[in-house]
Amino acid sequence: MQASGKVHLGNLLGALRNWVTLQDSYDCFYFVADWHALTTGYATPSEIKESTKDLLINFLASGLDPDRSTIFIQSMVPQHAELHLLLSMITPLGWLERVPTYKEKIQELNDRDLSTYGFLGYPLLQTADIIIYKANFVPVGIDQVPHLEISREIARRFNFLYGEVFPEPEALLTEFPKVPGLDGRKMSKSYGNAIYLSDSPEVVEQKIRTMMTDPSRKRRTDKGDPELSPVYQLHKIFSSKEELEGVASGCCSAEIGCIDCKKILIKNIFTYLEPIWKRRNDLLSNPDMLFEIVKKGSEKAMHTAAETLGTVRETMGLR
Ligand code: SF4
C-alpha cells in the first residue's frame with residue numbers, strides 16, 4: 001500500500017480486510033510502499049513519513065499479524081532498489097510508456113511535474129517489489145490486472161535472458177464492496193470525501209450526519225429511493241439484513257427520516273470500528289512496540305530478498 005495518505009474505510013474494506021483473511025491460507029508479505037509515494041510526492045517527503053506511520057498502525061490495528069505475515073517498510077529493504085536497477089537494464093522503454101495509467105495520471109496530477117524517470121519507472125519498482133519474494137499471487141481488484149501484466153512480462157523477459165529465477169505472479173482476484181464517499185463518489189482521499197480510521201468517533205459521527213442522501217428527500221415527508229443514497233450503500237456493508245430492509249422500506253414510504261437512518265448507520269460503523277480504534281490507541285501509546293514490529297518484519301523481508309538477489313546476481317554472471 002502506497003504511503004500517500006491516511007487509511008480510510010475504502011482501503012480497509014477494499015484491501016486490508018482481505019489481506020487479513022489471506023493470512024490463513026498464504027505466506028504473505030505486506031509492506032508500506034514509501035518509495036512509491038516519492039514517485040508523485042517527491043516534493044513533500046514529510047507527508048510520506050506521516051503516512052507510513054499511519055499505514056503501519058492501521059495494518060496492525062486491522063488484524064495483520066506480524067507472527068503470521070511479514071510486515072515491513074519498502075525503504076528498509078534496499079534490495080528492492082537493486083533489483084529495480086537490474087530490471088531497468090532489460091525493460092524496453094516502450095513497455096513503460098504504454099502502461100495505461102501513465103498518461104492518465106500525469107493529466108490527473110497536473111499540478112506536479114511528473115516527467116521524471118522515477119514516475120515512468122514506477123511499474124519496474126512495483127515488479128521488483130513483487131518478484132523479489134518470488135510471489136505466486138498478488139491480491140488485486142480486476143482493474144489492477146493490467147498493471148500486473150507488465151510484471152509478468154518483465155519476469156518472463158528476465159527468465160528468457162538469464163535463466164528461470166522468477167515465477168510469473170498471478171492476480172488473486174478479489175471482489176471488493178463499492179465503498180461510497182460522503183458525497184456519493186468513490187471514497188478517495190483526493191475527493192476529500194473519506195472517513196479515516198484515524199478519525200475520532202465524534203468526527204465519524206459528524207461526517208455521516210452531514211453525508212449526502214437521496215436528493216429527492218428534501219423534507220422529512222418526501223419519499224426517497226435508497227439506491228440513490230450513498231448512506232444506503234454503506235448500510236449494505238455495515239447493517240444487518242433486517243436493518244437494511246427496514247431502512248429501504250422506511251425510506252421509500254418516508255416512514256423513516258434521514259437522521260434516524262443515519263443514526264443506525266453510525267451505531268453499526270462504531271461497532272465495526274471500535275476494536276480497530278482500541279488497537280490503534282494501544283499502538284499509538286507504545287511507539288517502541290511499533291518500531292520493534294516493523295524492524296523485525298523488515299529484517300525478515302530482507303533475508304528473503306537478499307537470497308533472491310544472490311540468485312539474480314549469480315544468474316546474470318555478476319558474481
Ligand atoms: S432515509 Fe436513509 S437511505 Fe433514504 S435518503 Fe435518507 S439517508 Fe438515504
# chains A, B, ... in the order shown; residues from 1 in each chain; ligands from 1
>>> closest_atom_pairs(of="region 96-125 of chain A", to="region 151-162 of chain A", cutoff="12 Å", atoms="only C-alpha atoms", output="CSV")
residue,atom,partner,partner_atom,distance
A:Leu96,CA,A:Ile154,CA,10.6
A:Val99,CA,A:Ser151,CA,11.2
A:Gly121,CA,A:Ser151,CA,11.9
A:Tyr122,CA,A:Ser151,CA,11.1
A:Pro123,CA,A:Ser151,CA,7.4
A:Leu124,CA,A:Ser151,CA,7.4
A:Leu125,CA,A:Ser151,CA,9.6
>>> write_last_selection(atoms="all heavy atoms", output="JSON list (two decimals), in the first residue's frame")
[["chain", "number", "residue", "atom", "x", "y", "z"],
["A", 96, "LEU", "N", 7.06, 0.71, -20.64],
["A", 96, "LEU", "CA", 6.69, 1.61, -19.54],
["A", 96, "LEU", "C", 5.78, 2.73, -20.04],
["A", 96, "LEU", "O", 4.82, 3.11, -19.39],
["A", 96, "LEU", "CB", 7.95, 2.21, -18.90],
["A", 96, "LEU", "CG", 8.90, 1.20, -18.26],
["A", 96, "LEU", "CD1", 10.19, 1.89, -17.81],
["A", 96, "LEU", "CD2", 8.25, 0.52, -17.07],
["A", 99, "VAL", "N", 1.99, 1.82, -20.40],
["A", 99, "VAL", "CA", 1.15, 1.48, -19.24],
["A", 99, "VAL", "C", -0.04, 2.45, -19.21],
["A", 99, "VAL", "O", 0.16, 3.67, -19.23],
["A", 99, "VAL", "CB", 1.96, 1.56, -17.91],
["A", 99, "VAL", "CG1", 1.05, 1.45, -16.70],
["A", 99, "VAL", "CG2", 3.02, 0.48, -17.87],
["A", 121, "GLY", "N", 9.31, 4.89, -14.23],
["A", 121, "GLY", "CA", 9.80, 3.57, -13.82],
["A", 121, "GLY", "C", 9.01, 2.93, -12.69],
["A", 121, "GLY", "O", 9.36, 1.84, -12.23],
["A", 122, "TYR", "N", 7.92, 3.58, -12.29],
["A", 122, "TYR", "CA", 7.08, 3.06, -11.21],
["A", 122, "TYR", "C", 6.74, 1.57, -11.39],
["A", 122, "TYR", "O", 6.91, 0.77, -10.45],
["A", 122, "TYR", "CB", 5.81, 3.92, -11.16],
["A", 122, "TYR", "CG", 4.80, 3.58, -10.11],
["A", 122, "TYR", "CD1", 4.61, 4.40, -9.00],
["A", 122, "TYR", "CD2", 3.99, 2.45, -10.20],
["A", 122, "TYR", "CE1", 3.68, 4.10, -8.03],
["A", 122, "TYR", "CE2", 3.06, 2.14, -9.24],
["A", 122, "TYR", "CZ", 2.90, 2.97, -8.16],
["A", 122, "TYR", "OH", 1.98, 2.67, -7.20],
["A", 123, "PRO", "N", 6.28, 1.14, -12.58],
["A", 123, "PRO", "CA", 5.92, -0.28, -12.72],
["A", 123, "PRO", "C", 7.11, -1.22, -12.53],
["A", 123, "PRO", "O", 6.93, -2.38, -12.16],
["A", 123, "PRO", "CB", 5.39, -0.39, -14.16],
["A", 123, "PRO", "CG", 5.09, 1.00, -14.58],
["A", 123, "PRO", "CD", 6.02, 1.88, -13.84],
["A", 124, "LEU", "N", 8.31, -0.69, -12.78],
["A", 124, "LEU", "CA", 9.50, -1.53, -12.60],
["A", 124, "LEU", "C", 9.78, -1.76, -11.12],
["A", 124, "LEU", "O", 10.13, -2.86, -10.70],
["A", 124, "LEU", "CB", 10.72, -0.81, -13.17],
["A", 124, "LEU", "CG", 11.09, -1.12, -14.59],
["A", 124, "LEU", "CD1", 12.41, -0.46, -14.92],
["A", 124, "LEU", "CD2", 11.23, -2.62, -14.75],
["A", 125, "LEU", "N", 9.64, -0.68, -10.36],
["A", 125, "LEU", "CA", 9.84, -0.82, -8.92],
["A", 125, "LEU", "C", 8.78, -1.76, -8.34],
["A", 125, "LEU", "O", 9.07, -2.63, -7.52],
["A", 125, "LEU", "CB", 9.77, 0.57, -8.25],
["A", 125, "LEU", "CG", 10.00, 0.61, -6.74],
["A", 125, "LEU", "CD1", 11.34, 0.01, -6.35],
["A", 125, "LEU", "CD2", 9.92, 2.05, -6.21]]
>>> residues_near_ligand(ligand="ligand 1", cutoff="8 Å", atoms="only C-alpha atoms and all ligand atoms", output="ChimeraX atom specification")
/A:212-217,224-232,247-248,250-252,254,256-262
>>> write_last_selection(atoms="N, CA, C and O atoms", output="compact mmCIF listing (two decimals), in the first residue's frame")
# COMPACT_ATOMS: atom_id res chain seq x y z
N MET A 212 -24.23 12.98 2.13
CA MET A 212 -25.25 13.16 1.10
C MET A 212 -26.33 12.06 1.20
O MET A 212 -26.02 10.92 1.53
N THR A 213 -27.57 12.42 0.89
CA THR A 213 -28.66 11.44 0.87
C THR A 213 -29.30 11.48 -0.51
O THR A 213 -28.80 12.17 -1.40
N ASP A 214 -30.40 10.75 -0.68
CA ASP A 214 -31.14 10.86 -1.95
C ASP A 214 -31.62 12.31 -2.07
O ASP A 214 -32.41 12.78 -1.23
N PRO A 215 -31.17 13.05 -3.10
CA PRO A 215 -31.51 14.48 -3.19
C PRO A 215 -33.01 14.75 -3.25
O PRO A 215 -33.46 15.85 -2.93
N SER A 216 -33.82 13.73 -3.62
CA SER A 216 -35.27 13.98 -3.70
C SER A 216 -35.91 14.07 -2.31
O SER A 216 -37.05 14.51 -2.19
N ARG A 217 -35.19 13.68 -1.25
CA ARG A 217 -35.76 13.79 0.10
C ARG A 217 -35.38 15.13 0.73
O ARG A 217 -34.56 15.20 1.64
N GLY A 224 -38.25 8.60 -0.70
CA GLY A 224 -36.93 8.54 -1.35
C GLY A 224 -36.66 7.21 -2.03
O GLY A 224 -37.47 6.27 -1.94
N ASP A 225 -35.55 7.16 -2.70
CA ASP A 225 -35.09 5.91 -3.31
C ASP A 225 -33.74 5.57 -2.68
O ASP A 225 -32.74 6.24 -2.96
N PRO A 226 -33.71 4.55 -1.80
CA PRO A 226 -32.46 4.28 -1.08
C PRO A 226 -31.28 3.98 -2.01
O PRO A 226 -30.15 4.29 -1.69
N GLU A 227 -31.59 3.42 -3.19
CA GLU A 227 -30.49 3.08 -4.10
C GLU A 227 -29.75 4.33 -4.60
O GLU A 227 -28.64 4.24 -5.08
N LEU A 228 -30.40 5.48 -4.48
CA LEU A 228 -29.75 6.72 -4.91
C LEU A 228 -29.01 7.41 -3.76
O LEU A 228 -28.47 8.49 -3.91
N SER A 229 -29.00 6.75 -2.61
CA SER A 229 -28.40 7.37 -1.43
C SER A 229 -27.11 6.64 -1.03
O SER A 229 -27.13 5.43 -0.77
N PRO A 230 -25.98 7.35 -0.96
CA PRO A 230 -24.74 6.69 -0.52
C PRO A 230 -24.83 6.15 0.91
O PRO A 230 -24.14 5.19 1.25
N VAL A 231 -25.72 6.74 1.71
CA VAL A 231 -25.90 6.23 3.08
C VAL A 231 -26.38 4.78 3.03
O VAL A 231 -25.89 3.91 3.76
N TYR A 232 -27.30 4.54 2.11
CA TYR A 232 -27.83 3.18 1.99
C TYR A 232 -26.73 2.20 1.51
O TYR A 232 -26.69 1.05 1.92
N VAL A 247 -34.68 0.05 6.66
CA VAL A 247 -34.25 1.34 6.11
C VAL A 247 -34.82 1.53 4.70
O VAL A 247 -35.35 2.59 4.37
N ALA A 248 -34.75 0.47 3.88
CA ALA A 248 -35.22 0.58 2.49
C ALA A 248 -36.70 0.89 2.45
O ALA A 248 -37.13 1.83 1.76
N GLY A 250 -38.60 2.04 4.89
CA GLY A 250 -38.87 3.32 5.57
C GLY A 250 -38.50 4.52 4.70
O GLY A 250 -39.17 5.55 4.73
N CYS A 251 -37.48 4.37 3.90
CA CYS A 251 -37.04 5.45 3.00
C CYS A 251 -38.07 5.64 1.88
O CYS A 251 -38.51 6.74 1.59
N CYS A 252 -38.49 4.50 1.28
CA CYS A 252 -39.45 4.57 0.16
C CYS A 252 -40.79 5.15 0.61
O CYS A 252 -41.46 5.84 -0.15
N ALA A 254 -41.23 7.09 3.35
CA ALA A 254 -40.97 8.29 4.17
C ALA A 254 -41.33 8.05 5.65
O ALA A 254 -41.58 8.98 6.39
N ILE A 256 -39.29 6.70 7.72
CA ILE A 256 -38.06 6.96 8.48
C ILE A 256 -37.41 8.24 7.92
O ILE A 256 -37.42 8.47 6.70
N GLY A 257 -36.90 9.05 8.82
CA GLY A 257 -36.20 10.26 8.36
C GLY A 257 -34.72 9.96 8.17
O GLY A 257 -34.20 8.96 8.69
N CYS A 258 -34.06 10.84 7.43
CA CYS A 258 -32.64 10.59 7.15
C CYS A 258 -31.80 10.61 8.43
O CYS A 258 -30.82 9.87 8.54
N ILE A 259 -32.19 11.42 9.39
CA ILE A 259 -31.37 11.49 10.61
C ILE A 259 -31.43 10.15 11.35
O ILE A 259 -30.41 9.61 11.77
N ASP A 260 -32.65 9.59 11.47
CA ASP A 260 -32.77 8.29 12.15
C ASP A 260 -32.06 7.18 11.37
O ASP A 260 -31.44 6.30 11.95
N CYS A 261 -32.16 7.27 10.06
CA CYS A 261 -31.49 6.28 9.21
C CYS A 261 -29.97 6.34 9.43
O CYS A 261 -29.30 5.31 9.57
N LYS A 262 -29.47 7.57 9.52
CA LYS A 262 -28.02 7.73 9.71
C LYS A 262 -27.59 7.29 11.11
O LYS A 262 -26.46 6.80 11.28
>>> closest_residue(among="A:Ile131, A:Leu182, A:Leu56, A:Ile106", to="His84 (chain A)", atoms="only C-alpha atoms")
A:Ile131
>>> residues_around(residues="Ala135 (chain A)", least_positions_apart="4", cutoff="10 Å", atoms="only C-alpha atoms", output="list in words")
Asp27, Cys28, Phe29, Asp129, Ile130, Ile131, Phe166, Pro167, Glu168, Pro169 and Glu170 of chain A
>>> write_last_selection(atoms="N, CA and C atoms", output="CSV table (one decimal), in the first residue's frame")
chain,number,residue,atom,x,y,z
A,27,ASP,N,1.5,-17.5,2.7
A,27,ASP,CA,2.7,-16.9,3.3
A,27,ASP,C,2.7,-15.5,2.8
A,28,CYS,N,2.3,-14.5,3.6
A,28,CYS,CA,2.0,-13.2,3.0
A,28,CYS,C,3.1,-12.1,3.3
A,29,PHE,N,3.4,-11.3,2.4
A,29,PHE,CA,4.3,-10.1,2.6
A,29,PHE,C,3.5,-8.8,2.4
A,129,ASP,N,9.3,-5.2,-6.3
A,129,ASP,CA,8.6,-5.5,-5.0
A,129,ASP,C,8.0,-6.9,-5.0
A,130,ILE,N,7.4,-7.2,-6.1
A,130,ILE,CA,6.7,-8.5,-6.2
A,130,ILE,C,7.6,-9.7,-6.4
A,131,ILE,N,8.5,-9.6,-7.4
A,131,ILE,CA,9.2,-10.8,-7.8
A,131,ILE,C,10.4,-11.1,-6.8
A,166,PHE,N,12.3,-16.4,-11.7
A,166,PHE,CA,11.1,-15.8,-11.1
A,166,PHE,C,9.9,-16.5,-11.6
A,167,PRO,N,9.0,-16.9,-10.7
A,167,PRO,CA,7.6,-17.3,-11.1
A,167,PRO,C,6.9,-16.1,-11.7
A,168,GLU,N,6.0,-16.3,-12.7
A,168,GLU,CA,5.2,-15.2,-13.1
A,168,GLU,C,4.0,-14.9,-12.2
A,169,PRO,N,4.0,-13.8,-11.5
A,169,PRO,CA,3.0,-13.6,-10.5
A,169,PRO,C,1.6,-13.5,-11.1
A,170,GLU,N,0.6,-14.2,-10.4
A,170,GLU,CA,-0.7,-14.1,-10.9
A,170,GLU,C,-1.6,-13.3,-10.1
>>> residues_around(residues="Val77 (chain A)", least_positions_apart="3", cutoff="12 Å", atoms="only C-alpha atoms", output="short mmCIF file (atom, residue, chain, number, x, y, z; two decimals) with all heavy atoms, in the first residue's frame")
data_model
loop_
_atom_site.label_atom_id
_atom_site.label_comp_id
_atom_site.auth_asym_id
_atom_site.auth_seq_id
_atom_site.Cartn_x
_atom_site.Cartn_y
_atom_site.Cartn_z
N PHE A 31 3.59 -4.61 2.80
CA PHE A 31 4.50 -3.52 3.14
C PHE A 31 3.95 -2.14 2.80
O PHE A 31 3.04 -2.01 1.99
CB PHE A 31 5.86 -3.73 2.47
CG PHE A 31 5.84 -3.63 0.96
CD1 PHE A 31 6.08 -2.43 0.34
CD2 PHE A 31 5.57 -4.74 0.19
CE1 PHE A 31 6.07 -2.33 -1.05
CE2 PHE A 31 5.54 -4.65 -1.20
CZ PHE A 31 5.79 -3.45 -1.81
N VAL A 32 4.55 -1.16 3.44
CA VAL A 32 4.23 0.23 3.14
C VAL A 32 5.20 0.68 2.05
O VAL A 32 6.42 0.66 2.24
CB VAL A 32 4.40 1.13 4.38
CG1 VAL A 32 4.12 2.58 4.01
CG2 VAL A 32 3.47 0.68 5.50
N ALA A 33 4.65 1.08 0.91
CA ALA A 33 5.50 1.45 -0.22
C ALA A 33 5.82 2.95 -0.13
O ALA A 33 5.14 3.78 -0.73
CB ALA A 33 4.79 1.12 -1.53
N ASP A 34 6.85 3.28 0.63
CA ASP A 34 7.19 4.70 0.79
C ASP A 34 7.96 5.23 -0.42
O ASP A 34 7.79 6.38 -0.82
CB ASP A 34 7.93 4.96 2.11
CG ASP A 34 9.14 4.07 2.32
OD1 ASP A 34 9.30 3.08 1.58
OD2 ASP A 34 9.93 4.36 3.25
N TRP A 35 8.79 4.39 -1.05
CA TRP A 35 9.47 4.85 -2.27
C TRP A 35 8.46 5.13 -3.37
O TRP A 35 8.60 6.07 -4.15
CB TRP A 35 10.48 3.80 -2.75
CG TRP A 35 11.78 3.82 -2.01
CD1 TRP A 35 12.31 4.86 -1.31
CD2 TRP A 35 12.72 2.75 -1.90
NE1 TRP A 35 13.52 4.50 -0.77
CE2 TRP A 35 13.80 3.21 -1.12
CE3 TRP A 35 12.76 1.44 -2.38
CZ2 TRP A 35 14.90 2.42 -0.81
CZ3 TRP A 35 13.85 0.65 -2.08
CH2 TRP A 35 14.91 1.14 -1.31
N ILE A 71 5.59 -8.05 7.74
CA ILE A 71 5.08 -6.68 7.63
C ILE A 71 6.27 -5.74 7.70
O ILE A 71 7.04 -5.78 8.66
CB ILE A 71 4.08 -6.40 8.77
CG1 ILE A 71 2.89 -7.36 8.66
CG2 ILE A 71 3.61 -4.94 8.73
CD1 ILE A 71 1.99 -7.38 9.86
N PHE A 72 6.44 -4.90 6.68
CA PHE A 72 7.66 -4.09 6.64
C PHE A 72 7.48 -2.80 5.85
O PHE A 72 6.42 -2.54 5.28
CB PHE A 72 8.82 -4.91 6.07
CG PHE A 72 8.63 -5.39 4.65
CD1 PHE A 72 9.22 -4.71 3.59
CD2 PHE A 72 7.86 -6.50 4.35
CE1 PHE A 72 9.06 -5.14 2.27
CE2 PHE A 72 7.68 -6.93 3.04
CZ PHE A 72 8.28 -6.25 2.01
N ILE A 73 8.56 -2.01 5.84
CA ILE A 73 8.57 -0.77 5.07
C ILE A 73 9.52 -0.98 3.88
O ILE A 73 10.64 -1.45 4.06
CB ILE A 73 9.06 0.42 5.93
CG1 ILE A 73 8.09 0.65 7.11
CG2 ILE A 73 9.18 1.69 5.10
CD1 ILE A 73 8.53 1.73 8.08
N GLN A 74 9.06 -0.61 2.71
CA GLN A 74 9.83 -0.84 1.48
C GLN A 74 11.27 -0.31 1.59
O GLN A 74 12.22 -1.02 1.27
CB GLN A 74 9.10 -0.14 0.34
CG GLN A 74 9.69 -0.32 -1.03
CD GLN A 74 8.93 0.53 -2.06
OE1 GLN A 74 8.43 1.61 -1.75
NE2 GLN A 74 8.83 0.02 -3.26
N HIS A 80 15.19 -4.13 -2.83
CA HIS A 80 14.17 -3.77 -3.84
C HIS A 80 14.80 -2.80 -4.86
O HIS A 80 14.52 -2.89 -6.05
CB HIS A 80 12.99 -3.04 -3.18
CG HIS A 80 12.10 -3.93 -2.35
ND1 HIS A 80 10.73 -3.93 -2.46
CD2 HIS A 80 12.38 -4.82 -1.38
CE1 HIS A 80 10.21 -4.78 -1.60
NE2 HIS A 80 11.20 -5.33 -0.92
N ALA A 81 15.63 -1.88 -4.35
CA ALA A 81 16.21 -0.86 -5.23
C ALA A 81 17.22 -1.48 -6.19
O ALA A 81 17.29 -1.11 -7.37
CB ALA A 81 16.86 0.24 -4.41
N GLU A 82 18.00 -2.45 -5.69
CA GLU A 82 18.99 -3.07 -6.58
C GLU A 82 18.30 -3.88 -7.68
O GLU A 82 18.69 -3.81 -8.85
CB GLU A 82 19.95 -3.97 -5.78
CG GLU A 82 21.06 -4.51 -6.67
CD GLU A 82 22.09 -5.36 -5.93
OE1 GLU A 82 22.22 -5.23 -4.70
OE2 GLU A 82 22.75 -6.17 -6.61
N LEU A 83 17.25 -4.60 -7.30
CA LEU A 83 16.56 -5.37 -8.33
C LEU A 83 15.89 -4.42 -9.33
O LEU A 83 15.89 -4.67 -10.54
CB LEU A 83 15.53 -6.32 -7.70
CG LEU A 83 14.84 -7.27 -8.68
CD1 LEU A 83 15.84 -8.12 -9.46
CD2 LEU A 83 13.83 -8.17 -7.97
N ALA A 128 9.79 -5.22 -9.09
CA ALA A 128 10.85 -5.66 -8.17
C ALA A 128 10.24 -6.03 -6.81
O ALA A 128 10.59 -7.06 -6.22
CB ALA A 128 11.89 -4.56 -8.00
N ASP A 129 9.30 -5.22 -6.33
CA ASP A 129 8.63 -5.47 -5.04
C ASP A 129 7.98 -6.85 -5.01
O ASP A 129 7.96 -7.51 -3.98
CB ASP A 129 7.50 -4.46 -4.80
CG ASP A 129 7.98 -3.03 -4.68
OD1 ASP A 129 9.15 -2.83 -4.32
OD2 ASP A 129 7.16 -2.13 -4.94
N ILE A 132 10.80 -10.05 -6.08
CA ILE A 132 11.93 -10.28 -5.16
C ILE A 132 11.54 -11.33 -4.10
O ILE A 132 12.39 -12.00 -3.53
CB ILE A 132 12.44 -8.97 -4.53
CG1 ILE A 132 13.90 -9.15 -4.10
CG2 ILE A 132 11.58 -8.50 -3.37
CD1 ILE A 132 14.67 -7.87 -3.90
N TYR A 133 10.24 -11.47 -3.87
CA TYR A 133 9.78 -12.52 -2.92
C TYR A 133 9.28 -13.75 -3.67
O TYR A 133 8.63 -14.61 -3.07
CB TYR A 133 8.70 -11.93 -1.99
CG TYR A 133 9.27 -10.77 -1.23
CD1 TYR A 133 8.96 -9.46 -1.56
CD2 TYR A 133 10.22 -10.98 -0.23
CE1 TYR A 133 9.56 -8.39 -0.91
CE2 TYR A 133 10.83 -9.92 0.42
CZ TYR A 133 10.50 -8.63 0.07
OH TYR A 133 11.12 -7.59 0.71
N VAL A 294 8.10 -3.45 13.11
CA VAL A 294 8.48 -3.16 11.73
C VAL A 294 9.96 -3.47 11.49
O VAL A 294 10.35 -3.90 10.40
CB VAL A 294 8.10 -1.71 11.35
CG1 VAL A 294 9.00 -0.68 11.96
CG2 VAL A 294 8.09 -1.55 9.85
N LYS A 295 10.75 -3.35 12.53
CA LYS A 295 12.19 -3.67 12.39
C LYS A 295 12.35 -5.18 12.15
O LYS A 295 13.04 -5.60 11.23
CB LYS A 295 12.91 -3.25 13.68
CG LYS A 295 14.41 -3.39 13.63
CD LYS A 295 15.04 -2.66 14.81
CE LYS A 295 16.46 -3.08 15.02
NZ LYS A 295 16.62 -4.21 15.91
N LYS A 296 11.64 -5.95 12.96
CA LYS A 296 11.71 -7.41 12.82
C LYS A 296 11.18 -7.84 11.45
O LYS A 296 11.78 -8.68 10.78
CB LYS A 296 10.84 -8.07 13.90
CG LYS A 296 11.63 -8.64 15.04
CD LYS A 296 10.72 -9.56 15.81
CE LYS A 296 11.31 -9.84 17.18
NZ LYS A 296 10.32 -10.35 18.10
N GLY A 297 10.05 -7.25 11.05
CA GLY A 297 9.44 -7.60 9.76
C GLY A 297 10.37 -7.25 8.60
O GLY A 297 10.53 -8.02 7.65
N SER A 298 11.02 -6.09 8.71
CA SER A 298 11.91 -5.65 7.63
C SER A 298 13.14 -6.56 7.55
O SER A 298 13.63 -6.87 6.46
CB SER A 298 12.32 -4.19 7.84
OG SER A 298 11.17 -3.38 7.84
N GLU A 299 13.62 -7.00 8.71
CA GLU A 299 14.78 -7.92 8.71
C GLU A 299 14.39 -9.25 8.06
O GLU A 299 15.16 -9.83 7.29
CB GLU A 299 15.26 -8.15 10.14
CG GLU A 299 16.12 -6.98 10.64
CD GLU A 299 16.33 -6.99 12.16
OE1 GLU A 299 15.87 -7.94 12.84
OE2 GLU A 299 16.94 -6.03 12.65
N LYS A 300 13.18 -9.70 8.39
CA LYS A 300 12.71 -10.96 7.82
C LYS A 300 12.57 -10.84 6.29
O LYS A 300 13.00 -11.72 5.53
CB LYS A 300 11.36 -11.29 8.45
CG LYS A 300 10.97 -12.74 8.38
CD LYS A 300 9.73 -12.97 9.25
CE LYS A 300 8.86 -14.03 8.62
NZ LYS A 300 7.45 -13.91 8.98
N ALA A 301 12.00 -9.72 5.86
CA ALA A 301 11.84 -9.48 4.41
C ALA A 301 13.20 -9.41 3.75
O ALA A 301 13.43 -9.97 2.66
CB ALA A 301 11.06 -8.19 4.18
N MET A 302 14.14 -8.74 4.42
CA MET A 302 15.47 -8.55 3.85
C MET A 302 16.18 -9.90 3.64
O MET A 302 16.89 -10.09 2.66
CB MET A 302 16.30 -7.66 4.78
CG MET A 302 17.36 -6.89 4.01
SD MET A 302 18.47 -5.96 5.04
CE MET A 302 17.43 -4.96 6.02
N HIS A 303 15.94 -10.80 4.56
CA HIS A 303 16.55 -12.12 4.46
C HIS A 303 16.11 -12.81 3.16
O HIS A 303 16.94 -13.30 2.39
CB HIS A 303 16.14 -12.94 5.70
CG HIS A 303 16.73 -14.31 5.72
ND1 HIS A 303 18.03 -14.53 6.13
CD2 HIS A 303 16.22 -15.50 5.36
CE1 HIS A 303 18.28 -15.82 6.02
NE2 HIS A 303 17.21 -16.43 5.55
N THR A 304 14.81 -12.82 2.92
CA THR A 304 14.29 -13.45 1.69
C THR A 304 14.76 -12.69 0.45
O THR A 304 15.18 -13.28 -0.55
CB THR A 304 12.74 -13.46 1.71
OG1 THR A 304 12.32 -14.01 2.95
CG2 THR A 304 12.16 -14.26 0.57
N ALA A 305 14.69 -11.35 0.53
CA ALA A 305 15.06 -10.52 -0.63
C ALA A 305 16.54 -10.72 -0.98
O ALA A 305 16.92 -10.81 -2.15
CB ALA A 305 14.77 -9.06 -0.33
N ALA A 306 17.39 -10.81 0.04
CA ALA A 306 18.83 -10.97 -0.20
C ALA A 306 19.11 -12.32 -0.86
O ALA A 306 19.99 -12.43 -1.73
CB ALA A 306 19.59 -10.84 1.11
N LEU A 309 18.20 -12.01 -4.47
CA LEU A 309 19.15 -11.16 -5.17
C LEU A 309 20.47 -11.90 -5.41
O LEU A 309 21.12 -11.72 -6.45
CB LEU A 309 19.39 -9.88 -4.36
CG LEU A 309 19.73 -8.66 -5.18
CD1 LEU A 309 18.74 -8.41 -6.30
CD2 LEU A 309 19.78 -7.44 -4.29
#
>>> select_by_dssp(residues="region 103-252 of chain A", states="strand (DSSP E or B)", output="list in words")
Phe137, Val138, Pro139, Val140, Glu170, Ala171, Leu172, Leu173, Pro180, Lys186 and Tyr196 of chain A
>>> write_last_selection(atoms="N, CA, C and O atoms", output="mmCIF file, in the first residue's frame")
data_model
loop_
_atom_site.group_PDB
_atom_site.id
_atom_site.type_symbol
_atom_site.label_atom_id
_atom_site.label_comp_id
_atom_site.auth_asym_id
_atom_site.auth_seq_id
_atom_site.Cartn_x
_atom_site.Cartn_y
_atom_site.Cartn_z
ATOM 1 N N PHE A 137 1.244 -15.006 -6.163
ATOM 2 C CA PHE A 137 -0.024 -14.274 -6.298
ATOM 3 C C PHE A 137 0.091 -12.870 -5.727
ATOM 4 O O PHE A 137 0.825 -12.647 -4.772
ATOM 5 N N VAL A 138 -0.689 -11.976 -6.346
ATOM 6 C CA VAL A 138 -0.815 -10.617 -5.804
ATOM 7 C C VAL A 138 -2.314 -10.328 -5.668
ATOM 8 O O VAL A 138 -3.047 -10.437 -6.654
ATOM 9 N N PRO A 139 -2.770 -10.015 -4.464
ATOM 10 C CA PRO A 139 -4.208 -9.753 -4.307
ATOM 11 C C PRO A 139 -4.593 -8.401 -4.891
ATOM 12 O O PRO A 139 -4.165 -7.363 -4.396
ATOM 13 N N VAL A 140 -5.362 -8.426 -5.974
ATOM 14 C CA VAL A 140 -5.747 -7.176 -6.646
ATOM 15 C C VAL A 140 -7.207 -7.225 -7.079
ATOM 16 O O VAL A 140 -7.806 -8.300 -7.169
ATOM 17 N N GLU A 170 0.635 -14.160 -10.447
ATOM 18 C CA GLU A 170 -0.749 -14.146 -10.946
ATOM 19 C C GLU A 170 -1.606 -13.275 -10.051
ATOM 20 O O GLU A 170 -1.326 -13.129 -8.861
ATOM 21 N N ALA A 171 -2.681 -12.774 -10.642
ATOM 22 C CA ALA A 171 -3.618 -11.955 -9.852
ATOM 23 C C ALA A 171 -4.479 -12.873 -8.994
ATOM 24 O O ALA A 171 -4.991 -13.882 -9.462
ATOM 25 N N LEU A 172 -4.586 -12.521 -7.743
ATOM 26 C CA LEU A 172 -5.508 -13.228 -6.860
ATOM 27 C C LEU A 172 -6.727 -12.315 -6.756
ATOM 28 O O LEU A 172 -6.752 -11.374 -5.969
ATOM 29 N N LEU A 173 -7.681 -12.593 -7.652
ATOM 30 C CA LEU A 173 -8.796 -11.642 -7.791
ATOM 31 C C LEU A 173 -9.728 -11.669 -6.592
ATOM 32 O O LEU A 173 -10.065 -12.727 -6.077
ATOM 33 N N PRO A 180 -18.826 3.960 -1.036
ATOM 34 C CA PRO A 180 -19.030 5.349 -1.460
ATOM 35 C C PRO A 180 -18.453 6.312 -0.438
ATOM 36 O O PRO A 180 -18.399 6.024 0.757
ATOM 37 N N LYS A 186 -16.795 7.556 -5.402
ATOM 38 C CA LYS A 186 -15.953 6.542 -4.768
ATOM 39 C C LYS A 186 -15.143 7.188 -3.625
ATOM 40 O O LYS A 186 -14.649 8.311 -3.786
ATOM 41 N N TYR A 196 -11.715 8.417 7.708
ATOM 42 C CA TYR A 196 -10.411 7.820 8.007
ATOM 43 C C TYR A 196 -10.457 6.997 9.283
ATOM 44 O O TYR A 196 -11.212 7.314 10.212
#
